[in-house]
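Next up, coords-v6.txt (compact mmCIF, C-alpha atoms):
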```
# COMPACT_ATOMS: atom_id res chain seq x y z
CA MET A 278 -5.76 -5.56 27.08
CA ASN A 279 -5.87 -1.77 27.21
CA ALA A 280 -2.64 0.18 27.44
CA LEU A 281 -4.25 2.35 30.11
CA GLU A 282 -7.33 1.79 32.25
CA ILE A 283 -8.43 4.60 34.53
CA ALA A 284 -11.31 3.50 36.77
CA ASP A 285 -13.27 6.01 38.88
CA VAL A 286 -10.24 8.05 39.88
CA TRP A 287 -10.69 10.86 42.37
CA LYS A 288 -7.93 13.10 43.68
CA TYR A 289 -8.42 15.52 46.54
CA TYR A 290 -6.09 18.32 47.60
CA GLY A 291 -7.49 18.95 51.07
CA ASP A 292 -11.24 19.20 50.47
CA PHE A 293 -10.83 20.27 46.85
CA PRO A 294 -11.47 17.54 44.28
CA ALA A 295 -8.87 18.07 41.54
CA LEU A 296 -10.12 14.95 39.73
CA ARG A 297 -13.68 13.64 39.91
CA GLU A 298 -14.67 10.14 38.86
CA VAL A 299 -12.32 10.01 35.92
CA ARG A 300 -12.85 6.96 33.71
CA LEU A 301 -10.83 6.38 30.58
CA ASN A 302 -9.58 3.41 28.59
CA ILE A 303 -6.84 3.80 26.02
CA ALA A 304 -6.01 1.10 23.50
CA PRO A 305 -2.37 0.25 22.73
CA GLY A 306 -0.95 2.34 19.90
CA SER A 307 -3.28 5.28 20.51
CA THR A 308 -2.13 8.86 20.73
CA LEU A 309 -4.37 10.71 23.17
CA ALA A 310 -4.52 14.48 23.36
CA LEU A 311 -5.59 15.39 26.89
CA LEU A 312 -7.15 18.80 26.57
CA GLY A 313 -8.56 21.26 29.06
CA ARG A 314 -8.10 24.74 30.39
CA ASN A 315 -5.65 25.67 33.18
CA GLY A 316 -6.63 23.95 36.42
CA ALA A 317 -8.79 21.34 34.68
CA GLY A 318 -6.69 18.53 36.20
CA LYS A 319 -4.52 17.47 33.25
CA THR A 320 -1.20 17.57 35.10
CA THR A 321 -2.72 15.90 38.18
CA LEU A 322 -4.01 13.05 36.02
CA LEU A 323 -0.67 12.64 34.23
CA ARG A 324 1.19 12.63 37.57
CA ILE A 325 -1.07 9.86 38.86
CA ILE A 326 -0.58 7.81 35.68
CA ALA A 327 3.21 8.32 36.01
CA GLY A 328 3.11 7.04 39.60
CA LEU A 329 4.23 10.40 41.01
CA SER A 330 1.07 10.75 43.05
CA ARG A 331 -1.55 8.33 44.35
CA PRO A 332 -5.26 8.70 43.58
CA SER A 333 -7.51 9.37 46.59
CA ARG A 334 -9.95 6.83 45.17
CA GLY A 335 -10.05 4.57 42.13
CA SER A 336 -7.33 2.72 40.30
CA ILE A 337 -5.03 3.03 37.30
CA LYS A 338 -3.69 0.08 35.36
CA ILE A 339 -1.02 0.27 32.70
CA HIS A 340 -0.99 -2.83 30.51
CA GLY A 341 -2.88 -4.53 33.35
CA SER A 342 -0.41 -3.61 36.14
CA GLU A 343 -0.49 -1.01 38.92
CA ALA A 344 1.23 2.28 38.08
CA ARG A 345 3.61 2.15 41.08
CA GLU A 346 4.92 -1.34 40.29
CA GLN A 347 8.58 -1.27 39.30
CA ALA A 348 8.00 -3.31 36.12
CA THR A 349 5.26 -0.86 35.08
CA ARG A 350 7.48 2.17 35.59
CA ARG A 351 10.09 0.63 33.31
CA ARG A 352 7.46 0.79 30.52
CA ILE A 353 6.63 4.47 31.04
CA GLY A 354 8.45 7.55 29.80
CA VAL A 355 7.68 10.98 31.23
CA LEU A 356 8.43 14.41 29.86
CA GLY A 357 7.08 16.89 32.38
CA HIS A 358 7.35 20.63 32.95
CA GLY A 359 10.94 20.40 34.27
CA ILE A 360 13.78 19.06 32.15
CA ALA A 361 14.75 16.57 34.92
CA LEU A 362 18.48 16.78 34.25
CA TYR A 363 21.39 17.39 36.58
CA ASP A 364 23.11 20.69 35.79
CA GLU A 365 26.43 19.55 37.27
CA LEU A 366 26.58 16.41 35.09
CA SER A 367 27.50 16.30 31.41
CA ALA A 368 25.02 15.35 28.68
CA ILE A 369 26.43 11.82 28.39
CA GLU A 370 26.57 11.41 32.19
CA ASN A 371 22.93 12.48 32.54
CA LEU A 372 21.68 10.03 29.92
CA THR A 373 23.91 7.19 31.13
CA LEU A 374 22.62 7.74 34.67
CA PHE A 375 18.99 7.42 33.57
CA GLY A 376 19.87 4.49 31.33
CA ARG A 377 21.29 2.67 34.37
CA LEU A 378 18.28 3.61 36.49
CA TYR A 379 16.04 2.06 33.82
CA GLY A 380 18.25 -1.04 33.75
CA LEU A 381 19.37 -0.71 30.13
CA PRO A 382 22.01 -3.35 29.33
CA ASP A 383 24.38 -0.92 27.60
CA ALA A 384 23.36 2.44 28.96
CA ARG A 385 26.35 4.39 27.64
CA GLN A 386 25.96 3.16 24.08
CA ARG A 387 22.23 3.94 24.15
CA ALA A 388 23.00 7.40 25.58
CA ASP A 389 25.41 8.04 22.70
CA GLU A 390 22.75 6.97 20.18
CA MET A 391 20.18 9.33 21.69
CA LEU A 392 22.62 12.24 21.75
CA GLU A 393 23.22 11.62 18.05
CA ARG A 394 19.46 11.61 17.37
CA VAL A 395 18.81 14.92 19.15
CA GLY A 396 21.88 16.57 17.60
CA LEU A 397 23.96 16.86 20.77
CA ALA A 398 26.69 14.29 20.05
CA ARG A 399 29.20 17.09 19.46
CA VAL A 400 28.74 18.40 23.03
CA ARG A 401 28.30 15.04 24.76
CA ASP A 402 30.89 15.92 27.45
CA GLY A 403 29.60 19.45 28.06
CA LEU A 404 27.90 20.12 31.40
CA ALA A 405 24.12 20.52 31.18
CA ARG A 406 24.33 23.88 32.98
CA GLU A 407 26.49 25.26 30.15
CA PHE A 408 23.90 24.38 27.48
CA SER A 409 21.53 26.85 25.90
CA ARG A 410 17.83 26.52 26.72
CA GLY A 411 17.10 24.77 23.43
CA MET A 412 19.93 22.26 23.91
CA ARG A 413 18.72 21.46 27.43
CA GLN A 414 15.23 20.85 26.05
CA ARG A 415 16.56 18.47 23.41
CA LEU A 416 18.54 16.66 26.09
CA ALA A 417 15.34 16.34 28.14
CA VAL A 418 13.58 14.84 25.11
CA ALA A 419 16.46 12.35 24.74
CA ARG A 420 16.09 11.39 28.42
CA ALA A 421 12.33 10.76 28.11
CA PHE A 422 12.76 8.54 25.02
CA LEU A 423 15.97 6.85 26.19
CA HIS A 424 14.48 3.51 27.26
CA ASP A 425 12.00 3.33 24.35
CA PRO A 426 8.93 3.41 26.61
CA GLU A 427 5.71 1.59 25.70
CA VAL A 428 3.62 4.40 27.21
CA LEU A 429 4.83 7.96 26.85
CA LEU A 430 3.41 10.74 29.03
CA LEU A 431 3.98 14.28 27.79
CA ASP A 432 2.88 17.26 29.87
CA GLU A 433 2.72 20.41 27.73
CA PRO A 434 5.53 19.04 25.55
CA PHE A 435 5.68 21.89 23.06
CA THR A 436 5.54 24.75 25.56
CA ALA A 437 8.66 26.93 25.53
CA LEU A 438 10.49 24.69 23.03
CA ASP A 439 12.51 26.33 20.28
CA ASP A 440 11.93 25.40 16.62
CA ARG A 441 14.66 22.78 16.52
CA ALA A 442 13.49 21.12 19.73
CA ILE A 443 9.90 21.05 18.39
CA ALA A 444 11.13 19.37 15.19
CA VAL A 445 13.13 16.81 17.19
CA LEU A 446 10.19 16.08 19.49
CA GLN A 447 7.67 15.78 16.64
CA SER A 448 9.93 13.39 14.75
CA MET A 449 10.47 11.24 17.85
CA ILE A 450 6.75 11.18 18.66
CA GLN A 451 6.06 10.18 15.06
CA GLY A 452 8.62 7.37 15.40
CA MET A 453 6.91 6.15 18.58
CA ARG A 454 3.52 6.19 16.85
CA ASP A 455 4.89 4.21 13.93
CA ARG A 456 6.20 1.59 16.36
CA GLY A 457 2.75 1.25 17.95
CA ARG A 458 3.59 2.96 21.25
CA THR A 459 0.90 4.64 23.32
CA ILE A 460 1.23 8.38 23.80
CA ILE A 461 -0.72 10.61 26.16
CA MET A 462 -0.05 14.32 25.95
CA SER A 463 -1.64 17.22 27.72
CA THR A 464 -1.41 20.49 25.87
CA HIS A 465 -2.86 23.91 25.16
CA GLN A 466 -1.48 23.89 21.64
CA LEU A 467 -4.57 22.44 19.96
CA ARG A 468 -3.32 22.47 16.40
CA GLU A 469 -0.10 20.47 17.07
CA ALA A 470 -1.88 18.09 19.43
CA LEU A 471 -4.82 17.35 17.15
CA GLU A 472 -2.54 16.72 14.19
CA LEU A 473 -0.67 14.06 16.16
CA ALA A 474 -3.61 12.60 18.10
CA SER A 475 -5.74 9.62 17.22
CA HIS A 476 -7.99 10.19 20.27
CA VAL A 477 -9.04 13.19 22.31
CA ALA A 478 -10.19 13.60 25.92
CA LEU A 479 -11.46 16.89 27.28
CA LEU A 480 -11.10 17.54 31.01
CA GLN A 481 -13.16 20.16 32.71
CA ARG A 482 -13.04 20.92 36.44
CA GLY A 483 -11.55 17.49 37.08
CA GLN A 484 -14.08 15.54 35.02
CA ILE A 485 -13.81 13.99 31.57
CA VAL A 486 -16.61 15.65 29.61
CA HIS A 487 -15.69 14.08 26.26
CA ALA A 488 -13.50 11.18 25.17
CA GLY A 489 -13.34 9.65 21.74
CA GLU A 490 -11.60 9.49 18.42
CA ARG A 491 -10.19 12.61 16.87
CA THR A 492 -12.40 13.63 13.97
CA GLN A 493 -11.75 15.68 10.87
CA GLN A 494 -14.14 18.32 12.23
CA MET A 495 -11.81 18.88 15.19
CA LEU A 496 -8.92 19.47 12.81
CA ASP A 497 -10.88 21.80 10.56
CA ASP A 498 -12.21 23.85 13.45
CA THR A 499 -9.98 23.60 16.54
CA GLY A 500 -12.44 25.55 18.69
CA TRP A 501 -15.30 23.15 17.95
CA LEU A 502 -14.48 20.73 20.77
CA TYR A 503 -14.52 23.43 23.47
CA ARG A 504 -17.66 25.02 22.02
CA THR A 505 -19.51 21.70 21.86
CA TYR A 506 -18.48 20.01 25.11
CA GLY A 507 -16.77 22.67 27.20
CA GLU A 508 -17.90 25.71 29.13
CA ASN A 509 -18.33 28.96 27.30
CA MET B 64 19.14 -5.25 40.86
CA PHE B 65 18.44 -3.51 44.18
CA LEU B 66 22.15 -3.16 44.96
CA ARG B 67 22.90 -1.87 41.45
CA GLN B 68 20.20 0.80 41.86
CA VAL B 69 21.55 1.73 45.30
CA TRP B 70 25.05 2.07 43.87
CA THR B 71 23.86 4.14 40.88
CA VAL B 72 22.03 6.62 43.15
CA ALA B 73 24.90 6.84 45.66
CA ALA B 74 27.51 7.27 42.92
CA LYS B 75 25.43 10.00 41.27
CA ASP B 76 25.12 11.95 44.54
CA LEU B 77 28.83 11.62 45.34
CA HIS B 78 29.80 12.54 41.78
CA SER B 79 27.57 15.64 41.87
CA GLU B 80 28.94 16.65 45.26
CA LEU B 81 32.55 16.17 44.19
CA ARG B 82 31.87 18.46 41.24
CA THR B 83 30.07 21.23 43.13
CA LYS B 84 31.48 20.71 46.67
CA GLU B 85 28.51 22.70 48.01
CA ALA B 86 27.72 20.64 51.11
CA TRP B 87 31.31 19.41 51.58
CA ASN B 88 32.88 22.89 51.76
CA ALA B 89 30.23 24.29 54.09
CA SER B 90 30.36 21.27 56.37
CA ILE B 91 34.16 21.10 56.61
CA ALA B 92 34.47 24.84 57.20
CA PHE B 93 31.79 24.75 59.89
CA SER B 94 33.26 21.81 61.81
CA VAL B 95 36.83 23.14 61.74
CA VAL B 96 35.78 26.66 62.77
CA ILE B 97 33.66 25.40 65.68
CA LEU B 98 36.45 23.16 66.96
CA LEU B 99 39.01 25.98 66.65
CA LEU B 100 36.76 28.57 68.32
CA PHE B 101 36.11 26.35 71.34
CA ALA B 102 39.80 25.50 71.57
CA PHE B 103 40.61 29.22 71.89
CA ALA B 104 37.58 30.05 74.05
CA PHE B 105 38.55 27.57 76.80
CA ASP B 106 41.80 26.45 78.22
CA PRO B 107 40.62 23.21 79.69
CA SER B 108 42.64 20.72 81.63
CA SER B 109 42.99 17.23 80.19
CA GLU B 110 40.49 15.95 82.79
CA GLN B 111 37.87 18.50 81.68
CA ILE B 112 38.45 17.67 78.03
CA ARG B 113 37.81 14.01 78.74
CA GLU B 114 34.46 15.06 80.28
CA PHE B 115 33.12 17.36 77.58
CA GLY B 116 35.35 16.62 74.57
CA SER B 117 33.17 13.85 73.18
CA GLY B 118 30.09 16.05 73.59
CA LEU B 119 31.77 18.85 71.64
CA LEU B 120 32.88 16.41 68.96
CA TRP B 121 29.42 14.87 68.41
CA MET B 122 27.64 18.23 68.53
CA THR B 123 30.00 19.39 65.79
CA TYR B 124 29.22 16.24 63.77
CA ALA B 125 25.48 16.69 64.26
CA PHE B 126 25.46 20.33 63.13
CA ALA B 127 27.89 19.72 60.27
CA GLY B 128 25.68 16.76 59.28
CA ALA B 129 22.64 19.02 58.95
CA LEU B 130 24.46 20.93 56.21
CA VAL B 131 25.07 17.70 54.30
CA LEU B 132 21.61 16.25 54.90
CA ASN B 133 19.77 19.43 53.98
CA ARG B 134 21.12 19.14 50.43
CA SER B 135 20.35 15.44 50.06
CA PHE B 136 16.85 15.61 48.56
CA ALA B 137 16.89 19.37 47.98
CA ARG B 138 19.41 18.89 45.14
CA GLU B 139 16.77 16.81 43.34
CA LEU B 140 14.35 19.75 43.21
CA GLN B 141 16.48 21.47 40.59
CA ASN B 142 14.83 20.87 37.18
CA ASP B 143 12.27 18.48 38.81
CA CYS B 144 14.85 15.67 38.99
CA LEU B 145 13.04 14.14 41.97
CA ASP B 146 9.99 13.47 39.78
CA ALA B 147 12.21 11.73 37.21
CA LEU B 148 13.73 9.53 39.94
CA ILE B 149 10.34 8.62 41.43
CA ALA B 150 8.90 7.89 37.98
CA SER B 151 11.88 5.65 37.13
CA PRO B 152 11.85 1.93 38.01
CA VAL B 153 14.17 2.56 40.96
CA SER B 154 12.40 1.42 44.13
CA SER B 155 11.93 4.09 46.78
CA ALA B 156 13.91 1.88 49.17
CA ALA B 157 16.87 1.74 46.76
CA LEU B 158 16.65 5.50 46.22
CA PHE B 159 16.64 6.07 49.98
CA VAL B 160 19.48 3.66 50.78
CA GLY B 161 21.57 5.07 47.91
CA LYS B 162 21.10 8.61 49.20
CA ALA B 163 21.78 7.50 52.78
CA LEU B 164 25.03 5.81 51.66
CA ALA B 165 26.17 8.95 49.84
CA ASN B 166 25.30 11.11 52.88
CA PHE B 167 27.10 8.69 55.19
CA THR B 168 30.23 8.81 53.04
CA MET B 169 30.21 12.61 52.94
CA LEU B 170 29.54 13.02 56.66
CA PHE B 171 32.12 10.39 57.61
CA ALA B 172 34.69 12.14 55.42
CA VAL B 173 33.93 15.42 57.25
CA GLU B 174 34.35 13.61 60.57
CA LEU B 175 37.66 12.07 59.52
CA PHE B 176 38.85 15.50 58.41
CA SER B 177 37.87 17.21 61.67
CA LEU B 178 39.06 14.44 64.00
CA PRO B 179 42.78 15.37 63.73
CA VAL B 180 41.83 19.03 64.32
CA PHE B 181 40.12 17.93 67.54
CA GLY B 182 43.08 15.76 68.56
CA LEU B 183 45.60 18.50 67.84
CA PHE B 184 43.89 21.46 69.47
CA TYR B 185 42.47 19.59 72.47
CA ASN B 186 45.52 17.36 72.87
CA THR B 187 43.28 14.31 73.10
CA TRP B 188 43.99 11.06 71.30
CA PRO B 189 42.26 7.80 72.02
CA PRO B 190 44.48 4.96 73.28
CA ARG B 191 43.09 2.81 70.43
CA PHE B 192 41.50 4.08 67.22
CA ALA B 193 39.46 0.99 66.26
CA PRO B 194 36.75 1.43 68.96
CA LEU B 195 36.50 5.14 68.13
CA PHE B 196 35.99 4.38 64.42
CA LEU B 197 33.37 1.78 65.31
CA VAL B 198 31.31 4.23 67.34
CA MET B 199 31.77 6.86 64.62
CA VAL B 200 30.45 4.45 61.98
CA LEU B 201 27.43 3.39 64.03
CA GLY B 202 26.65 6.91 65.28
CA THR B 203 27.07 8.48 61.83
CA TRP B 204 24.82 5.87 60.21
CA ALA B 205 22.12 6.64 62.82
CA LEU B 206 22.40 10.40 62.16
CA THR B 207 22.37 9.75 58.41
CA ILE B 208 19.31 7.50 58.41
CA ILE B 209 17.21 9.92 60.47
CA GLY B 210 18.49 12.92 58.53
CA THR B 211 17.94 11.38 55.10
CA LEU B 212 14.38 10.32 55.94
CA PHE B 213 13.48 13.76 57.25
CA SER B 214 15.24 15.35 54.29
CA ALA B 215 12.78 13.43 52.07
CA LEU B 216 9.89 14.41 54.33
CA THR B 217 10.68 18.13 54.26
CA VAL B 218 11.91 18.42 50.65
CA ASN B 219 8.76 20.10 49.38
CA LEU B 220 8.35 22.47 52.33
CA ARG B 221 9.09 26.14 51.74
CA LEU B 222 10.98 26.44 55.04
CA ARG B 223 12.78 23.10 54.74
CA GLU B 224 16.15 24.51 55.88
CA LEU B 225 14.47 25.52 59.14
CA MET B 226 12.18 22.51 59.41
CA LEU B 227 14.83 19.81 58.93
CA PRO B 228 16.93 20.67 62.02
CA THR B 229 13.78 21.38 64.05
CA LEU B 230 12.44 17.89 63.31
CA VAL B 231 15.72 15.98 63.20
CA TYR B 232 17.59 17.13 66.32
CA PRO B 233 14.99 15.87 68.84
CA MET B 234 15.12 12.48 67.09
CA MET B 235 18.92 12.50 67.27
CA ILE B 236 19.10 13.07 71.03
CA PRO B 237 19.16 9.36 72.05
CA VAL B 238 21.82 8.61 69.41
CA LEU B 239 23.94 11.59 70.44
CA ILE B 240 23.75 10.68 74.14
CA ALA B 241 24.80 7.09 73.38
CA ALA B 242 27.58 8.15 71.00
CA MET B 243 28.91 10.77 73.45
CA THR B 244 28.92 8.31 76.34
CA ILE B 245 30.77 5.65 74.36
CA THR B 246 33.25 8.19 72.96
CA THR B 247 33.98 9.46 76.49
CA ASN B 248 34.69 5.88 77.55
CA VAL B 249 36.87 5.24 74.50
CA LEU B 250 38.91 8.44 75.02
CA ALA B 251 39.45 7.43 78.65
CA GLY B 252 40.49 3.93 77.60
CA ASN B 253 37.47 2.33 79.31
CA PRO B 254 35.13 -0.38 77.90
CA MET B 255 32.49 0.96 75.52
CA GLY B 256 29.53 -0.18 77.64
CA PHE B 257 25.83 -0.63 76.99
CA GLY B 258 25.57 2.30 74.56
CA MET B 259 27.09 0.19 71.79
CA ARG B 260 24.19 -2.27 71.83
CA PHE B 261 21.78 0.66 71.84
CA LEU B 262 23.45 2.16 68.75
CA VAL B 263 23.37 -1.17 66.87
CA ALA B 264 19.68 -1.67 67.72
CA PHE B 265 18.85 1.94 66.79
CA ASP B 266 20.62 1.60 63.43
CA ILE B 267 18.82 -1.64 62.54
CA ILE B 268 15.35 -0.52 63.66
CA PHE B 269 15.45 2.92 62.06
CA THR B 270 16.98 1.64 58.82
CA LEU B 271 14.15 -0.90 58.48
CA LEU B 272 11.45 1.64 59.40
CA ALA B 273 12.84 4.19 56.94
CA VAL B 274 13.03 1.65 54.11
CA VAL B 275 9.42 0.56 54.76
CA PHE B 276 7.93 4.07 54.96
CA VAL B 277 10.00 6.01 52.43
CA ASP B 278 7.66 5.23 49.50
CA THR B 279 4.76 6.79 51.43
CA VAL B 280 6.96 9.79 52.24
CA LEU B 281 8.03 10.31 48.62
CA VAL B 282 4.82 9.55 46.74
CA GLY B 283 2.23 10.51 49.39
```
Output the file's structure in the form of structure tokens.
Amino acid sequence: MNALEIADVWKYYGDFPALREVRLNIAPGSTLALLGRNGAGKTTLLRIIAGLSRPSRGSIKIHGSEAREQATRRRIGVLGHGIALYDELSAIENLTLFGRLYGLPDARQRADEMLERVGLARVRDGLAREFSRGMRQRLAVARAFLHDPEVLLLDEPFTALDDRAIAVLQSMIQGMRDRGRTIIMSTHQLREALELASHVALLQRGQIVHAGERTQQMLDDTGWLYRTYGEN
Amino acid sequence: MFLRQVWTVAAKDLHSELRTKEAWNASIAFSVVILLLFAFAFDPSSEQIREFGSGLLWMTYAFAGALVLNRSFARELQNDCLDALIASPVSSAALFVGKALANFTMLFAVELFSLPVFGLFYNTWPPRFAPLFLVMVLGTWALTIIGTLFSALTVNLRLRELMLPTLVYPMMIPVLIAAMTITTNVLAGNPMGFGMRFLVAFDIIFTLLAVVFVDTVLVG
């Protein structure tokens, strides 16, 4: 069974088709780099996979189940553009809250473990609004990985991260890969994405114009993919 | 599982509000100021107060409620927290009921705070408090359910602070009429009348409708 099956998905905003007949199958354990220029439909596709939006046509299955099913959402982790943390709650309160929402048996203990992993254990009782930008980003990474998701969706994960947050995120993504988790990340940062990815999909004006394994040629020449399959 | 999710969402909202006191302070200040202003603007006889007092009280609750309800889903926009909640395994129904419970608690606390102000400045106390609390609970739940649903509906609108009252107040009219009528009866020491059954039916029907449709409202 595929980790993700996207079958003929269309998404309209008014009359504008943001996604057009998107078809994609992703095997468990794959790391997919979802590439494309601004407005290509990457975020729209990730939002539909995350169950934040419904497709106008077509269907999405995650490990054989509908994206909006509760059991499916428990298996998904999302790190989007926003940090998705409550400024008025402390670091430990934020993570414990999401742990409880994901039904973790010992949410507080897991929250403590994650704070340790992202280097925020020392400020566990500090309010999120008092954190620096980099600390907030690390806390957001901890939130996304908190419930050890089987499918991880990352939307521009490296954008605006500081060096330490990038290191934390890369190490956690590597850990997920080693444990056979499926990762889908949209990004403009080709070099970082291609180094982590096992597969690549290129979106252009809402359509997948190329999907396949990441090759050595892509790593050697990061512009090759756009030159070969994309618009000039 | 459902109840645990409801409790987690409600506790989070109440905890956040206790820490910031944004909606609470505005709502309390508004209700007390309105009640005080009207008390000084008129010098009504006790008979007149019995006629319009309940109307004044419920109008104050309705307007103070808008301040609480406006913040309900809007507070989730900060840092895209609403996306994280929708993407989590919490059902939309549990999210909605949890938020409605938190709003109900906040609004009821505002009402309890402003009730003595009303009694003191208008020299009006009900002969028995239990019927008054009953109508307050049923009326406040009705206001909360409608307000929370429309708060979810308008959360992504640019003019949501204008749109929420515009959409919500017409829906609240039947509830307010029923609640005012019953409160007038209670303050006069009369039986509560037919309005009570209307409020119970309204609460049940709108709670069920909101729970059924909230996923469509949130996810689209």
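From atom CA of A:Ala344 back to atom CA of B:Lys162, the distance works out to 23.6 Å.
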Chain A residues near chain B within 9 Å, closest pair each, using all atoms listed in the file, as a Markdown table:
```
| residue | atom | partner | partner_atom | distance |
| --- | --- | --- | --- | --- |
| A:Ala327 | CA | B:Ala150 | CA | 6.0 |
| A:Gly328 | CA | B:Ala150 | CA | 6.1 |
| A:Leu329 | CA | B:Val282 | CA | 5.8 |
| A:Ser330 | CA | B:Val282 | CA | 5.4 |
| A:Arg331 | CA | B:Gly283 | CA | 6.7 |
| A:Arg345 | CA | B:Ala150 | CA | 8.4 |
| A:Glu346 | CA | B:Pro152 | CA | 8.0 |
| A:Gln347 | CA | B:Pro152 | CA | 4.8 |
| A:Ala348 | CA | B:Pro152 | CA | 6.8 |
| A:Thr349 | CA | B:Pro152 | CA | 7.7 |
| A:Arg350 | CA | B:Pro152 | CA | 5.0 |
| A:Arg351 | CA | B:Pro152 | CA | 5.2 |
| A:Arg352 | CA | B:Pro152 | CA | 8.8 |
| A:Ile353 | CA | B:Ala150 | CA | 8.1 |
| A:Gly354 | CA | B:Ala150 | CA | 8.2 |
| A:Val355 | CA | B:Ala150 | CA | 7.5 |
| A:Leu356 | CA | B:Ala147 | CA | 8.7 |
| A:Gly357 | CA | B:Asp143 | CA | 8.4 |
| A:His358 | CA | B:Asp143 | CA | 7.9 |
| A:Gly359 | CA | B:Asn142 | CA | 4.9 |
| A:Ile360 | CA | B:Asn142 | CA | 5.4 |
| A:Ala361 | CA | B:Cys144 | CA | 4.2 |
| A:Leu362 | CA | B:Cys144 | CA | 6.1 |
| A:Tyr363 | CA | B:Cys144 | CA | 7.2 |
| A:Asp364 | CA | B:Gln141 | CA | 8.2 |
| A:Glu365 | CA | B:Ser79 | CA | 6.1 |
| A:Leu366 | CA | B:Ser79 | CA | 6.9 |
| A:Leu374 | CA | B:Thr71 | CA | 7.3 |
| A:Phe375 | CA | B:Ser151 | CA | 8.1 |
| A:Arg377 | CA | B:Thr71 | CA | 7.2 |
| A:Leu378 | CA | B:Val153 | CA | 6.2 |
| A:Tyr379 | CA | B:Pro152 | CA | 5.9 |
| A:Gly380 | CA | B:Pro152 | CA | 8.2 |
```
Quick one: pull the distance between atom CA of A:Ala384 and atom CA of A:Ala280, Å, one decimal.
-> 26.1 Å
Can you tell me, as a ChimeraX atom specification, what residues are no more than 12 Å from B:Leu201 when counting all atoms listed in the file, ignoring any on the same chain fewer than 4 positions away?
-> /B:167,171,194-197,205-208,238-239,241-242,245-246,258-267,270
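The spacing separating atom CA of B:Val277 from atom CA of B:Asn219 amounts to 14.5 Å.
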Could you give me, as a VMD selection string, the residues that sit within 8 Å of (-10.3, 15.6, 34.7) in the file's coordinates, counting only C-alpha atoms?
-> chain A and resid 295 to 297 299 317 to 319 322 479 to 485
Selected residues written out with C-alpha atoms, as a PDB file, keeping the file's coordinate frame:
```pdb
ATOM      1  CA  ALA A 295      -8.870  18.070  41.540  1.00  0.00           C
ATOM      2  CA  LEU A 296     -10.120  14.950  39.730  1.00  0.00           C
ATOM      3  CA  ARG A 297     -13.680  13.640  39.910  1.00  0.00           C
ATOM      4  CA  VAL A 299     -12.320  10.010  35.920  1.00  0.00           C
ATOM      5  CA  ALA A 317      -8.790  21.340  34.680  1.00  0.00           C
ATOM      6  CA  GLY A 318      -6.690  18.530  36.200  1.00  0.00           C
ATOM      7  CA  LYS A 319      -4.520  17.470  33.250  1.00  0.00           C
ATOM      8  CA  LEU A 322      -4.010  13.050  36.020  1.00  0.00           C
ATOM      9  CA  LEU A 479     -11.460  16.890  27.280  1.00  0.00           C
ATOM     10  CA  LEU A 480     -11.100  17.540  31.010  1.00  0.00           C
ATOM     11  CA  GLN A 481     -13.160  20.160  32.710  1.00  0.00           C
ATOM     12  CA  ARG A 482     -13.040  20.920  36.440  1.00  0.00           C
ATOM     13  CA  GLY A 483     -11.550  17.490  37.080  1.00  0.00           C
ATOM     14  CA  GLN A 484     -14.080  15.540  35.020  1.00  0.00           C
ATOM     15  CA  ILE A 485     -13.810  13.990  31.570  1.00  0.00           C
TER      16      ILE A 485
END
```
Choose the residue, out of A:Gly411, A:Gly341, A:Gly291, A:Gly306, that has the smallest atom-to-atom separation from A:Gln451; count only C-alpha atoms.
->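 Smallest distance to A:Gln451 is found for A:Gly306.
All protein and nucleic acid residues in the vicinity of (22.1, 14.4, 59.1), that is within 9 Å when counting all atoms listed in the file, are Tyr124, Ala125, Phe126, Ala127, Gly128, Ala129, Leu130, Val131, Leu132, Asn133, Asn166, Phe167, Leu170, Thr203, Ala205, Leu206, Thr207, Ile208, Ile209, Gly210, Thr211, Phe213, Ser214, Pro228, Val231, Tyr232 and Met235 of chain B.
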Measuring atom to atom with all atoms listed in the file, identify which of A:Val395, A:Met453, A:Val400, A:Ala470 is nearest to A:Arg441.
->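 Under the stated criterion, the closest residue is A:Val395.
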Centre and edges of the stretch 462-480 of chain A box, axis-aligned, 3 Å extra per side, as AutoDock Vina command-line options:
```
--center_x -5.8 --center_y 16.8 --center_z 22.6 --size_x 17.4 --size_y 20.3 --size_z 22.8
```
Select, from A:Ile443, A:Ala388, A:Ala398, A:Leu496, the residue with the minimum atom-to-atom distance to A:Phe422, counting all atoms listed in the file.
-> A:Ala388
Rank nothing, just name the residue among A:Ser336, A:Ser475, A:Asn315, A:Ser367 nearest to A:Ala488, using only C-alpha atoms.
->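 Among the listed residues, A:Ser475 lies closest to A:Ala488.
Counting all atoms listed in the file and comparing A:Arg314, A:Arg454, A:Arg504, A:Arg300, the residue that lies closest to A:Ile337 is A:Arg300.
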Using only C-alpha atoms, determine which residues lie at most 12 Å from A:Gln494, disregarding the query and same-chain residues fewer than 6 positions distant; provide the list as a PyMOL selection string.
-> chain A and resi 471-472+500-502+505
Contact residues around B:Ala102 with only C-alpha atoms at 12 Å, ignoring same-chain residues under 4 positions, as number ranges by chain = B: 95-98, 106-108, 112, 116, 119-120, 180-187
